[in-house]
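**Student:** Please find one structure pasted underneath; my questions will follow.
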Amino acid sequence: MMREMNVAIVGATGAVGTQMIKLLENSTLPLGTVKFLASKRSAGKQLSFKGETQTIEELVPDSFEGVDLALFSAGGGISAKFAPEAVKRGAVVVDNTSHFRMDPSVPLVVPEVNPEALRKHNGIIANPNCSTIQMMVALEPIRQAFGLNRIIVSTYQAVSGAGNQAMEELKQQTRDFLADKPLDEWQAEILPCGGDKKHYPLAFNALAQIDVFAEEGYTNEEWKMINETKKIMEDETIKVSATCVRIPVMSGHSESVYIETEKTATVAEIQELLSKAPGVVLEDDPSQQIYPQALNSVGKKETFVGRIRKDPDEEKGAHLWVVSDNLLKGAAWNSLQIAETMYEMGLFK
């Protein structure tokens, strides 16, 4: 039996890091020491783990001495600087940022979809974009059975995907609205993208921009979904397009997904497939108004799929509604699930 594993969480105080800590408490991994790492500003603060108080340590290269697994969720710049340092010291890194995702030498993994890609790792495994993850979980069983030629996705993404400060800003904007405060007095300093020039309120609004605009009028978030989907499926020929929208929901990303299959599939066949698919919960009974909802996904690891229906004009076209907790399956849980899958596959030294 393998010795106990020493684990480090980088970005322990963030929205995703907090969820990683909770999940690690009930993980199937044989835990040894667990350390929480963050910036110098957060060092010295205390967190609870399995009923005991632990002090957050400042992140430095030597933090990874003796660490077997490092879960990163502290921003791309931190991953770029410290993930290689962790690997040098013998740790396997699962990175939740976008920094390594499109690196050809780094596997991009959703355990229900492409676990075998983990065998190709060189010390770093990338966690895909939250919206990509839940879409892949829903579509892979369909692709395996009927093939896929085209994906068109529109996302309805929760504010928690933009971090704790964005969540607090939405709460304040909601209070301002309910207090009849004039719109020009609302605070808007984060969304739609902290790194862009203009900021807009999200409360009682929808922002058709997540991340900055890039080539051909698509945002970086949309290009992430397009390029990551092709990499995970190992298929550069599949047609993928995305429109990503931020909505005033705290947690739980929703997606309207249109697909065109290679072979014709009935609604009943797709429902049957997804009812048995790993990580999927089928919620699809229009006669009883049963379909996935963001509120009901919060705190759950699964991806919920419903509103499955044929396109009225395209024989091989179908529409799905896909919902998942973006902080869990979209981030913290997929990261830890990668580590647990690697352990089961015997991929830790």
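Going by the structure tokens order, chains are called A, B, ..., each with residues numbered from 1, while ligands are numbered from 1 in the order shown.
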Among stretch 139-306 of chain A, which ones does DSSP place in helix (DSSP H, G or I), written as a ChimeraX atom specification?
**Tutor:** /A:139-146,159-162,164-178,183-185,215-217,220-233,267-275,286-288,294-297
**Student:** List the spatial neighbours of A:Asn149 as a PyMOL selection string - criterion: any atom at most 9 Å away, only C-alpha atoms, same-chain residues fewer than 3 positions off excluded.
**Tutor:** chain A and resi 143+237-240+259-262
**Student:** Please produce an output containing N, CA and C atoms for each residue in the selection, written as a PDB file, in the first residue's frame.
**Tutor:**
```pdb
ATOM      1  N   ARG A 143     -20.918  11.718 -27.761  1.00  0.00           N
ATOM      2  CA  ARG A 143     -19.863  11.622 -28.783  1.00  0.00           C
ATOM      3  C   ARG A 143     -19.434  10.173 -28.995  1.00  0.00           C
ATOM      4  N   THR A 237     -10.976  18.925 -35.782  1.00  0.00           N
ATOM      5  CA  THR A 237     -11.939  19.127 -36.862  1.00  0.00           C
ATOM      6  C   THR A 237     -13.340  19.459 -36.351  1.00  0.00           C
ATOM      7  N   ILE A 238     -13.619  19.175 -35.085  1.00  0.00           N
ATOM      8  CA  ILE A 238     -14.959  19.435 -34.574  1.00  0.00           C
ATOM      9  C   ILE A 238     -15.227  20.939 -34.565  1.00  0.00           C
ATOM     10  N   LYS A 239     -16.419  21.331 -34.953  1.00  0.00           N
ATOM     11  CA  LYS A 239     -16.793  22.745 -35.018  1.00  0.00           C
ATOM     12  C   LYS A 239     -17.359  23.167 -33.668  1.00  0.00           C
ATOM     13  N   VAL A 240     -16.753  24.181 -33.071  1.00  0.00           N
ATOM     14  CA  VAL A 240     -17.170  24.651 -31.746  1.00  0.00           C
ATOM     15  C   VAL A 240     -17.277  26.167 -31.750  1.00  0.00           C
ATOM     16  N   ILE A 259     -25.994  20.668 -30.398  1.00  0.00           N
ATOM     17  CA  ILE A 259     -25.031  19.746 -31.003  1.00  0.00           C
ATOM     18  C   ILE A 259     -25.580  19.183 -32.304  1.00  0.00           C
ATOM     19  N   GLU A 260     -24.666  18.818 -33.186  1.00  0.00           N
ATOM     20  CA  GLU A 260     -25.005  18.048 -34.374  1.00  0.00           C
ATOM     21  C   GLU A 260     -24.168  16.778 -34.350  1.00  0.00           C
ATOM     22  N   THR A 261     -24.832  15.642 -34.338  1.00  0.00           N
ATOM     23  CA  THR A 261     -24.159  14.348 -34.251  1.00  0.00           C
ATOM     24  C   THR A 261     -23.853  13.793 -35.641  1.00  0.00           C
ATOM     25  N   GLU A 262     -22.959  12.819 -35.684  1.00  0.00           N
ATOM     26  CA  GLU A 262     -22.640  12.165 -36.954  1.00  0.00           C
ATOM     27  C   GLU A 262     -23.750  11.200 -37.354  1.00  0.00           C
TER      28      GLU A 262
END
```
**Student:** Would you write out, as a Markdown table, a table of all residues in stretch 2-91 of chain A that have an atom no more than 9 Å from an atom of stretch 163-178 of chain A, listing for each the closest atom pair and the distance in Å to one decimal, considering only C-alpha atoms and ordering rows by chain and rising residue number?
**Tutor:**
```
| residue | atom | partner | partner_atom | distance |
| --- | --- | --- | --- | --- |
| A:Gly14 | CA | A:Asn164 | CA | 7.1 |
| A:Ala15 | CA | A:Asn164 | CA | 6.0 |
| A:Val16 | CA | A:Gly163 | CA | 8.3 |
```
**Student:** Restricting the output to C-alpha atoms, write the selected residues as a short mmCIF file (atom, residue, chain, number, x, y, z; two decimals), in the first residue's frame.
**Tutor:**
```
data_model
loop_
_atom_site.label_atom_id
_atom_site.label_comp_id
_atom_site.auth_asym_id
_atom_site.auth_seq_id
_atom_site.Cartn_x
_atom_site.Cartn_y
_atom_site.Cartn_z
CA GLY A 14 -9.87 32.02 -2.30
CA ALA A 15 -13.33 30.87 -3.38
CA VAL A 16 -11.99 27.70 -5.01
#
```
**Student:** So that I can see what lies close to A:Ala277, please list as an MDAnalysis selection string the residues with an atom at most 10 Å from it, counting only C-alpha atoms and leaving out residues fewer than 4 positions away in the same chain.
**Tutor:** chainID A and resid 112 137:142 271:273 281:282
**Student:** Could the residues in this selection be saved with N, CA and C atoms as a short mmCIF file (atom, residue, chain, number, x, y, z; two decimals), in the first residue's frame?
**Tutor:**
```cif
data_model
loop_
_atom_site.label_atom_id
_atom_site.label_comp_id
_atom_site.auth_asym_id
_atom_site.auth_seq_id
_atom_site.Cartn_x
_atom_site.Cartn_y
_atom_site.Cartn_z
N GLU A 112 -14.07 11.97 -16.06
CA GLU A 112 -15.11 11.15 -16.70
C GLU A 112 -14.90 11.04 -18.20
N VAL A 137 -18.54 16.68 -19.69
CA VAL A 137 -19.19 15.58 -18.96
C VAL A 137 -20.49 15.18 -19.64
N ALA A 138 -21.26 16.18 -20.08
CA ALA A 138 -22.55 15.92 -20.71
C ALA A 138 -22.41 15.37 -22.13
N LEU A 139 -21.41 15.85 -22.87
CA LEU A 139 -21.34 15.51 -24.29
C LEU A 139 -20.53 14.27 -24.62
N GLU A 140 -19.58 13.89 -23.76
CA GLU A 140 -18.71 12.75 -24.10
C GLU A 140 -19.50 11.46 -24.34
N PRO A 141 -20.49 11.12 -23.50
CA PRO A 141 -21.25 9.88 -23.78
C PRO A 141 -21.95 9.93 -25.14
N ILE A 142 -22.44 11.11 -25.53
CA ILE A 142 -23.09 11.26 -26.83
C ILE A 142 -22.08 11.12 -27.95
N GLN A 271 -31.30 10.45 -23.71
CA GLN A 271 -31.68 10.38 -22.30
C GLN A 271 -31.19 9.08 -21.66
N GLU A 272 -31.32 7.99 -22.38
CA GLU A 272 -30.87 6.70 -21.85
C GLU A 272 -29.37 6.71 -21.61
N LEU A 273 -28.63 7.24 -22.57
CA LEU A 273 -27.18 7.33 -22.42
C LEU A 273 -26.80 8.14 -21.19
N VAL A 281 -26.40 13.64 -13.81
CA VAL A 281 -27.74 13.39 -13.28
C VAL A 281 -28.73 13.93 -14.32
N LEU A 282 -29.59 13.03 -14.81
CA LEU A 282 -30.59 13.42 -15.79
C LEU A 282 -31.82 13.98 -15.07
#
```
**Student:** Fewer than 6 positions away in the same chain doesn't count, so skip those; otherwise give me all residues within 10 Å of stretch 293-299 of chain A, counting only C-alpha atoms, as a VMD selection string.
**Tutor:** chain A and resid 19 156 to 158 249 to 254 283 305 to 306 321 to 329
**Student:** As an MDAnalysis selection string, please: every residue in stretch 19-252 of chain A that a backbone DSSP assignment puts in strand (DSSP E or B).
**Tutor:** chainID A and resid 31:38 46:49 52:55 57:58 69:72 92:95 108 124:126 148:157 207 213 219 239:246
**Student:** Closest to A:Asn227 among A:Arg101, A:Lys197, A:Lys300, A:Lys181, using only C-alpha atoms?
**Tutor:**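 Using only C-alpha atoms, the shortest distance to A:Asn227 belongs to A:Arg101.
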**Student:** Quick one: pull the distance between atom CA of A:Phe49 and atom CA of A:Val34, Å, one decimal.
**Tutor:**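 Distance between the two atoms: 8.8 Å.
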**Student:** Write out as JSON, numbers by chain each polymer residue whose atoms come within 12 Å of A:Thr264, counting only C-alpha atoms; drop sequence neighbours fewer than 4 positions from it.
**Tutor:** {"A": [142, 143, 145, 146, 147, 148, 149, 259, 260, 268, 269, 270, 310, 311, 314, 315, 316, 317, 318]}
**Student:** Between A:Pro61, A:Pro115, A:Gly32, A:Gly75, which has the minimum distance to A:Ile232 (counting only C-alpha atoms)?
**Tutor:**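 With only C-alpha atoms as the atom set, the closest residue is A:Pro115.
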**Student:** One decimal, Å: what's the distance from atom CA of A:Ser241 over to atom CA of A:Ser73, could you say?
**Tutor:**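 Interatomic distance here is 26.7 Å.
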**Student:** Report, in Å to a single decimal, how far apart atom CA of A:Tyr200 and atom CA of A:Ser42 are.
**Tutor:**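 That distance, rounded to one decimal, is 28.9 Å.
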**Student:** Taking into account only C-alpha atoms, which residue in the set A:Ala126, A:Met20, A:Val113, A:Ala332 is nearest to A:Gly279?
**Tutor:**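 Ranked by minimum distance to A:Gly279, first place goes to A:Val113.
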